[in-house]
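Source file protein03.pdb; content: PDB, C-alpha atoms.
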```pdb
ATOM      1  CA  MET L 101      -9.826 -13.042  -0.790
ATOM      2  CA  ARG L 102     -10.708 -11.726   2.658
ATOM      3  CA  ILE L 103      -9.669  -9.103   5.199
ATOM      4  CA  THR L 104      -7.137 -10.986   7.326
ATOM      5  CA  GLY L 105      -7.322  -9.238  10.703
ATOM      6  CA  GLY L 106      -8.920  -6.647  12.930
ATOM      7  CA  ALA L 107     -12.542  -5.570  13.265
ATOM      8  CA  ALA L 108     -13.603  -6.723   9.767
ATOM      9  CA  ARG L 109     -11.585  -9.946   9.745
ATOM     10  CA  GLY L 110     -13.059 -12.511   7.379
ATOM     11  CA  ARG L 111     -15.047 -10.045   5.233
ATOM     12  CA  THR L 112     -14.898 -11.055   1.587
ATOM     13  CA  LEU L 113     -13.369  -8.653  -0.925
ATOM     14  CA  ARG L 114     -14.226  -8.422  -4.599
ATOM     15  CA  ALA L 115     -11.917  -7.955  -7.572
ATOM     16  CA  PRO L 116     -13.000  -6.737 -11.009
ATOM     17  CA  ARG L 117     -13.855  -9.553 -13.441
ATOM     18  CA  GLY L 118     -11.285 -10.346 -16.073
ATOM     19  CA  SER L 119      -9.005  -7.787 -14.531
ATOM     20  CA  LYS L 120      -5.242  -7.857 -14.701
ATOM     21  CA  ILE L 121      -5.144  -7.175 -10.973
ATOM     22  CA  ARG L 122      -2.861  -9.428  -8.949
ATOM     23  CA  PRO L 123      -4.331  -9.259  -5.432
ATOM     24  CA  THR L 124      -1.962  -9.784  -2.533
ATOM     25  CA  ALA L 125      -2.492 -13.315  -1.228
ATOM     26  CA  ASP L 126      -4.081 -13.589   2.226
ATOM     27  CA  LYS L 127      -0.967 -15.403   3.513
ATOM     28  CA  VAL L 128       1.326 -12.589   2.322
ATOM     29  CA  ARG L 129      -0.968  -9.883   3.757
ATOM     30  CA  THR L 130      -1.020 -11.670   7.103
ATOM     31  CA  ALA L 131       2.790 -11.796   7.061
ATOM     32  CA  ILE L 132       3.007  -8.099   6.124
ATOM     33  CA  PHE L 133       0.831  -7.052   9.053
ATOM     34  CA  ASN L 134       2.668  -9.353  11.460
ATOM     35  CA  ILE L 135       5.970  -7.750  10.427
ATOM     36  CA  LEU L 136       4.517  -4.217  10.625
ATOM     37  CA  GLY L 137       2.866  -4.957  13.969
ATOM     38  CA  SER L 138       6.240  -5.734  15.509
ATOM     39  CA  ARG L 139       7.615  -2.348  14.354
ATOM     40  CA  THR L 140       4.797   0.200  14.465
ATOM     41  CA  ASP L 141       1.243   0.772  15.586
ATOM     42  CA  ILE L 142      -1.080   0.898  12.586
ATOM     43  CA  ALA L 143      -4.003   2.010  14.749
ATOM     44  CA  GLY L 144      -4.488   5.753  14.706
ATOM     45  CA  GLY L 145      -2.272   6.310  11.677
ATOM     46  CA  CYS L 146      -2.928   7.707   8.229
ATOM     47  CA  TRP L 147      -1.783   5.413   5.396
ATOM     48  CA  ILE L 148      -1.666   5.519   1.615
ATOM     49  CA  ASP L 149      -2.283   2.453  -0.584
ATOM     50  CA  LEU L 150      -0.552   2.929  -3.952
ATOM     51  CA  PHE L 151      -1.449   0.767  -6.963
ATOM     52  CA  ALA L 152      -4.396  -0.209  -4.776
ATOM     53  CA  GLY L 153      -6.004  -2.816  -7.038
ATOM     54  CA  THR L 154      -8.779  -4.235  -4.845
ATOM     55  CA  GLY L 155      -7.669  -2.171  -1.848
ATOM     56  CA  ALA L 156      -6.877  -5.280   0.206
ATOM     57  CA  LEU L 157      -3.788  -3.853   1.947
ATOM     58  CA  GLY L 158      -5.415  -0.548   2.877
ATOM     59  CA  LEU L 159      -8.623  -2.303   3.947
ATOM     60  CA  ASP L 160      -6.617  -4.549   6.248
ATOM     61  CA  ALA L 161      -5.010  -1.408   7.729
ATOM     62  CA  LEU L 162      -8.444   0.154   8.304
ATOM     63  CA  SER L 163      -9.662  -3.073   9.893
ATOM     64  CA  ARG L 164      -6.680  -2.898  12.246
ATOM     65  CA  GLY L 165      -7.526   0.645  13.328
ATOM     66  CA  ALA L 166      -5.887   3.010  10.847
ATOM     67  CA  THR L 167      -7.651   6.366  11.113
ATOM     68  CA  ARG L 168      -7.604   7.030   7.378
ATOM     69  CA  VAL L 169      -6.370   5.422   4.171
ATOM     70  CA  ILE L 170      -6.104   7.027   0.750
ATOM     71  CA  PHE L 171      -6.273   4.508  -2.096
ATOM     72  CA  ILE L 172      -4.680   5.431  -5.418
ATOM     73  CA  ASP L 173      -4.793   3.519  -8.691
ATOM     74  CA  ASP L 174      -4.733   4.568 -12.334
ATOM     75  CA  SER L 175      -7.467   2.096 -13.334
ATOM     76  CA  ARG L 176     -11.131   3.105 -13.235
ATOM     77  CA  GLU L 177     -12.081  -0.575 -12.652
ATOM     78  CA  SER L 178      -9.752  -0.811  -9.669
ATOM     79  CA  CYS L 179     -11.106   2.402  -8.166
ATOM     80  CA  ARG L 180     -14.677   1.065  -8.500
ATOM     81  CA  SER L 181     -13.588  -2.196  -6.876
ATOM     82  CA  VAL L 182     -11.999  -0.322  -3.955
ATOM     83  CA  HIS L 183     -15.155   1.806  -3.519
ATOM     84  CA  ASP L 184     -17.276  -1.359  -3.476
ATOM     85  CA  ASN L 185     -14.977  -3.084  -0.962
ATOM     86  CA  LEU L 186     -14.972  -0.010   1.293
ATOM     87  CA  GLU L 187     -18.779   0.075   1.303
ATOM     88  CA  ARG L 188     -19.036  -3.684   1.930
ATOM     89  CA  SER L 189     -16.594  -3.525   4.835
ATOM     90  CA  GLY L 190     -18.062  -0.371   6.417
ATOM     91  CA  PHE L 191     -14.922   1.780   6.069
ATOM     92  CA  ALA L 192     -16.019   4.253   3.378
ATOM     93  CA  ASP L 193     -16.146   7.132   5.883
ATOM     94  CA  ARG L 194     -12.436   6.693   6.718
ATOM     95  CA  ALA L 195     -11.120   6.482   3.168
ATOM     96  CA  GLU L 196     -10.620   8.342  -0.077
ATOM     97  CA  VAL L 197     -10.166   6.741  -3.503
ATOM     98  CA  ARG L 198      -8.328   8.618  -6.245
ATOM     99  CA  LYS L 199      -7.671   7.703  -9.875
ATOM    100  CA  LEU L 200      -4.188   9.062 -10.553
ATOM    101  CA  PRO L 201      -1.084   7.968 -12.445
ATOM    102  CA  LEU L 202       1.751   6.835 -10.206
ATOM    103  CA  PRO L 203       4.246   7.842  -9.038
ATOM    104  CA  GLY L 204       3.610  11.275 -10.633
ATOM    105  CA  GLY L 205       0.212  11.691  -8.971
ATOM    106  CA  LEU L 206       1.849  11.803  -5.534
ATOM    107  CA  ARG L 207       2.808  15.398  -6.209
ATOM    108  CA  ARG L 208      -0.847  16.454  -5.689
ATOM    109  CA  PHE L 209      -0.718  15.271  -2.082
ATOM    110  CA  GLU L 210       2.610  16.996  -1.477
ATOM    111  CA  LEU L 211       1.116  20.262  -2.747
ATOM    112  CA  ARG L 212      -1.745  19.822  -0.250
ATOM    113  CA  ASN L 213       0.845  19.218   2.512
ATOM    114  CA  GLU L 214      -0.629  15.813   3.330
ATOM    115  CA  ARG L 215       1.565  13.499   5.384
ATOM    116  CA  PHE L 216       1.285   9.754   5.900
ATOM    117  CA  ASP L 217       2.475   7.404   8.628
ATOM    118  CA  GLY L 218       2.951   4.616   6.115
ATOM    119  CA  ALA L 219       2.516   3.473   2.545
ATOM    120  CA  PHE L 220       1.702   0.248   0.772
ATOM    121  CA  VAL L 221       3.286  -0.006  -2.679
ATOM    122  CA  ASP L 222       2.154  -2.900  -4.902
ATOM    123  CA  PRO L 223       2.796  -2.013  -8.560
ATOM    124  CA  PRO L 224       2.939  -4.396 -11.508
ATOM    125  CA  TYR L 225       6.139  -6.410 -11.189
ATOM    126  CA  ARG L 226       9.266  -5.847 -13.238
ATOM    127  CA  CYS L 227       8.265  -2.452 -14.695
ATOM    128  CA  GLY L 228      10.559  -0.257 -12.602
ATOM    129  CA  LEU L 229       7.545   1.240 -10.804
ATOM    130  CA  SER L 230       8.669  -0.012  -7.385
ATOM    131  CA  GLN L 231      11.971   1.814  -7.703
ATOM    132  CA  ARG L 232      10.457   5.041  -9.109
ATOM    133  CA  THR L 233       7.752   5.101  -6.437
ATOM    134  CA  LEU L 234      10.243   4.478  -3.625
ATOM    135  CA  GLN L 235      12.420   7.292  -4.998
ATOM    136  CA  ALA L 236       9.426   9.671  -5.058
ATOM    137  CA  LEU L 237       8.449   8.723  -1.498
ATOM    138  CA  GLY L 238      12.014   8.906  -0.176
ATOM    139  CA  GLU L 239      12.724  12.310  -1.690
ATOM    140  CA  GLY L 240       9.268  13.869  -1.292
ATOM    141  CA  GLY L 241       7.518  15.271   1.718
ATOM    142  CA  LEU L 242       4.636  12.791   1.977
ATOM    143  CA  LEU L 243       5.943  10.589   4.780
ATOM    144  CA  THR L 244       6.247  11.490   8.445
ATOM    145  CA  PRO L 245       9.571  10.791  10.185
ATOM    146  CA  GLY L 246       9.569   7.134  11.220
ATOM    147  CA  ALA L 247       6.976   6.167   8.586
ATOM    148  CA  TRP L 248       7.034   2.656   7.119
ATOM    149  CA  VAL L 249       6.761   1.684   3.467
ATOM    150  CA  VAL L 250       5.837  -1.865   2.461
ATOM    151  CA  VAL L 251       6.700  -2.788  -1.122
ATOM    152  CA  GLU L 252       5.435  -5.929  -2.802
ATOM    153  CA  HIS L 253       7.582  -6.893  -5.790
ATOM    154  CA  GLY L 254       8.733  -9.836  -7.866
ATOM    155  CA  ALA L 255      11.128 -12.076  -5.935
ATOM    156  CA  ASP L 256      13.668 -11.663  -8.740
ATOM    157  CA  GLU L 257      13.550  -7.839  -8.555
ATOM    158  CA  ARG L 258      16.351  -6.262  -6.551
ATOM    159  CA  LEU L 259      15.611  -3.051  -4.739
ATOM    160  CA  ALA L 260      18.235  -0.630  -3.455
ATOM    161  CA  GLU L 261      19.195  -0.287   0.205
ATOM    162  CA  ARG L 262      18.215   3.409   0.140
ATOM    163  CA  TYR L 263      15.891   5.714  -1.730
ATOM    164  CA  GLY L 264      16.405   9.251  -0.455
ATOM    165  CA  SER L 265      15.491   9.146   3.249
ATOM    166  CA  LEU L 266      14.038   5.617   3.026
ATOM    167  CA  ARG L 267      16.253   2.826   4.350
ATOM    168  CA  LEU L 268      15.680  -0.893   3.715
ATOM    169  CA  GLU L 269      14.967  -2.672   6.996
ATOM    170  CA  ASN L 270      13.807  -6.124   5.936
ATOM    171  CA  SER L 271      13.064  -8.281   2.885
ATOM    172  CA  ARG L 272      11.184 -11.551   2.805
ATOM    173  CA  PHE L 273      10.142 -13.872   0.024
ATOM    174  CA  TYR L 274       6.976 -15.902  -0.447
ATOM    175  CA  GLY L 275       7.336 -17.960  -3.623
ATOM    176  CA  SER L 276       7.513 -15.528  -6.546
ATOM    177  CA  THR L 277       6.597 -12.542  -4.325
ATOM    178  CA  GLY L 278       9.067 -10.365  -2.457
ATOM    179  CA  VAL L 279       8.088  -8.023   0.359
ATOM    180  CA  SER L 280      10.500  -5.268   1.371
ATOM    181  CA  LEU L 281      10.064  -2.952   4.315
ATOM    182  CA  TYR L 282      11.563   0.541   4.324
ATOM    183  CA  ALA L 283      11.739   3.024   7.195
ATOM    184  CA  MET L 284      11.735   6.800   6.790
ATOM    185  CA  GLU L 285      14.615   8.304   8.714
ATOM    186  CA  GLU L 286      13.608  10.381  11.725
TER     187      GLU L 286
END
```
Hey, can you dump this file as structure tokens for me?
Amino acid sequence: MRITGGAARGRTLRAPRGSKIRPTADKVRTAIFNILGSRTDIAGGCWIDLFAGTGALGLDALSRGATRVIFIDDSRESCRSVHDNLERSGFADRAEVRKLPLPGGLRRFELRNERFDGAFVDPPYRCGLSQRTLQALGEGGLLTPGAWVVVEHGADERLAERYGSLRLENSRFYGSTGVSLYAMEE
């Protein structure tokens, strides 16, 4: 598993041993950033990587010029892995890693009035976490107008057209993986 584009392209990422993490495949990450690149400028933005796992999605955003990425996962092993990958890639000064339950932990950022230009959401498949997280993002105050949310989910999972102010713009499928893109209404 490697960073797929930008300044750190090709840098190897590590995942915890024996972990239940399901890292986003390089091919899928490349597709995600190609789709995003045609809709928004990642460079200069502040993003949040939810259910971060190894941090691959947020690291790719940092490599492509994101100003800051906050990585959130409820696993101590995953948070250590993200810290390690940030150090190895040279992006630790532009990131924060938090161990919080999701989607409930998002409330802490709302209370601090933090806003994000985009979010990566990659929860365990078929647990209802995609839907609950999208609902929290669409109804909360974390996303700036025009923000993008990328959700990785099981290809057999159906997501709604709307979650609060989030509107489905595009869905694509890569084998057993679905990727849905939502836009925050302006």
*For Gly153 (chain L), list every protein, DNA or RNA residue within 12 Å, evaluated using only C-alpha atoms, and leave out those in the same chain fewer than 5 positions away; present the list as a VMD selection string.*
chain L and resid 113 to 116 119 to 124 158 to 159 171 to 185 197 to 199 220 to 224
*Measure the distance from CA of Gly155 (chain L) to CA of Ile103 (chain L) in Å and round it to one decimal.*
10.1 Å
*If you count all atoms listed in the file, which residues fall within 12 Å of Gly145 (chain L), apart from same-chain ones fewer than 5 positions away, as a PyMOL selection string?*
chain L and resi 140+158+161-162+164-170+194+215-219+243-244+246-248
*asked:* I'd like the neighbourhood of Arg226 (chain L) as number ranges by chain, where a residue qualifies if any of its atoms comes within 8 Å (using all atoms listed in the file), though same-chain residues fewer than 4 positions away should be ignored.
replied: L: 253-254, 257
*Once the PyMOL selection byres ((chain L and resi 269) around 6) has been applied to the shown file, what residues remain in the selection, as number ranges by chain?*
L: 268, 270, 281-282
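Across the model, the gap from CA of Glu187 (chain L) to CA of Gly110 (chain L) is 15.1 Å.
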Starting from the incomplete input, reconstruct N, CA and C atoms of region 250-281 of chain L and write that as a short mmCIF file (atom, residue, chain, number, x, y, z; two decimals), keeping the file's coordinate frame.
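The resulting file, selection_31.cif, is shown below:
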```cif
data_model
loop_
_atom_site.label_atom_id
_atom_site.label_comp_id
_atom_site.auth_asym_id
_atom_site.auth_seq_id
_atom_site.Cartn_x
_atom_site.Cartn_y
_atom_site.Cartn_z
N VAL L 250 5.83 -0.44 2.81
CA VAL L 250 5.84 -1.86 2.46
C VAL L 250 5.73 -1.96 0.95
N VAL L 251 6.69 -2.64 0.33
CA VAL L 251 6.70 -2.79 -1.12
C VAL L 251 6.57 -4.26 -1.47
N GLU L 252 5.57 -4.58 -2.27
CA GLU L 252 5.44 -5.93 -2.80
C GLU L 252 6.02 -5.91 -4.21
N HIS L 253 6.88 -6.88 -4.51
CA HIS L 253 7.58 -6.89 -5.79
C HIS L 253 7.89 -8.33 -6.18
N GLY L 254 8.32 -8.52 -7.42
CA GLY L 254 8.73 -9.84 -7.87
C GLY L 254 9.95 -10.28 -7.08
N ALA L 255 10.01 -11.57 -6.73
CA ALA L 255 11.13 -12.08 -5.94
C ALA L 255 12.47 -11.91 -6.66
N ASP L 256 12.43 -11.83 -7.97
CA ASP L 256 13.67 -11.66 -8.74
C ASP L 256 14.05 -10.19 -8.93
N GLU L 257 13.23 -9.26 -8.47
CA GLU L 257 13.55 -7.84 -8.56
C GLU L 257 14.42 -7.44 -7.36
N ARG L 258 15.49 -6.74 -7.62
CA ARG L 258 16.35 -6.26 -6.55
C ARG L 258 16.10 -4.78 -6.33
N LEU L 259 15.83 -4.44 -5.10
CA LEU L 259 15.61 -3.05 -4.74
C LEU L 259 16.84 -2.54 -4.01
N ALA L 260 17.07 -1.24 -4.09
CA ALA L 260 18.24 -0.63 -3.46
C ALA L 260 18.07 -0.59 -1.93
N GLU L 261 19.20 -0.41 -1.26
CA GLU L 261 19.20 -0.29 0.20
C GLU L 261 18.60 1.04 0.65
N ARG L 262 18.71 2.07 -0.20
CA ARG L 262 18.22 3.41 0.14
C ARG L 262 17.56 4.05 -1.06
N TYR L 263 16.53 4.82 -0.76
CA TYR L 263 15.89 5.71 -1.73
C TYR L 263 15.65 7.01 -0.98
N GLY L 264 16.51 8.00 -1.20
CA GLY L 264 16.40 9.25 -0.46
C GLY L 264 16.51 8.96 1.04
N SER L 265 15.49 9.35 1.79
CA SER L 265 15.49 9.15 3.25
C SER L 265 14.90 7.80 3.67
N LEU L 266 14.55 6.96 2.70
CA LEU L 266 14.04 5.62 3.03
C LEU L 266 15.19 4.63 3.09
N ARG L 267 15.20 3.82 4.13
CA ARG L 267 16.25 2.83 4.35
C ARG L 267 15.62 1.44 4.44
N LEU L 268 16.17 0.49 3.69
CA LEU L 268 15.68 -0.89 3.72
C LEU L 268 15.92 -1.51 5.08
N GLU L 269 14.87 -2.04 5.68
CA GLU L 269 14.97 -2.67 7.00
C GLU L 269 14.84 -4.19 6.94
N ASN L 270 14.09 -4.69 5.95
CA ASN L 270 13.81 -6.12 5.94
C ASN L 270 13.27 -6.52 4.57
N SER L 271 13.65 -7.70 4.10
CA SER L 271 13.06 -8.28 2.88
C SER L 271 12.75 -9.73 3.16
N ARG L 272 11.60 -10.16 2.68
CA ARG L 272 11.18 -11.55 2.80
C ARG L 272 10.61 -12.00 1.48
N PHE L 273 10.61 -13.32 1.29
CA PHE L 273 10.14 -13.87 0.02
C PHE L 273 9.13 -14.98 0.26
N TYR L 274 8.07 -14.94 -0.53
CA TYR L 274 6.98 -15.90 -0.45
C TYR L 274 6.74 -16.40 -1.87
N GLY L 275 7.43 -17.47 -2.25
CA GLY L 275 7.34 -17.96 -3.62
C GLY L 275 7.88 -16.92 -4.58
N SER L 276 7.07 -16.50 -5.54
CA SER L 276 7.51 -15.53 -6.55
C SER L 276 7.31 -14.07 -6.10
N THR L 277 6.86 -13.88 -4.85
CA THR L 277 6.60 -12.54 -4.32
C THR L 277 7.64 -12.14 -3.29
N GLY L 278 8.17 -10.94 -3.45
CA GLY L 278 9.07 -10.36 -2.46
C GLY L 278 8.34 -9.25 -1.72
N VAL L 279 8.63 -9.11 -0.45
CA VAL L 279 8.09 -8.02 0.36
C VAL L 279 9.27 -7.34 1.03
N SER L 280 9.42 -6.04 0.76
CA SER L 280 10.50 -5.27 1.37
C SER L 280 9.91 -4.15 2.21
N LEU L 281 10.53 -3.95 3.36
CA LEU L 281 10.06 -2.95 4.32
C LEU L 281 11.12 -1.86 4.44
#
```
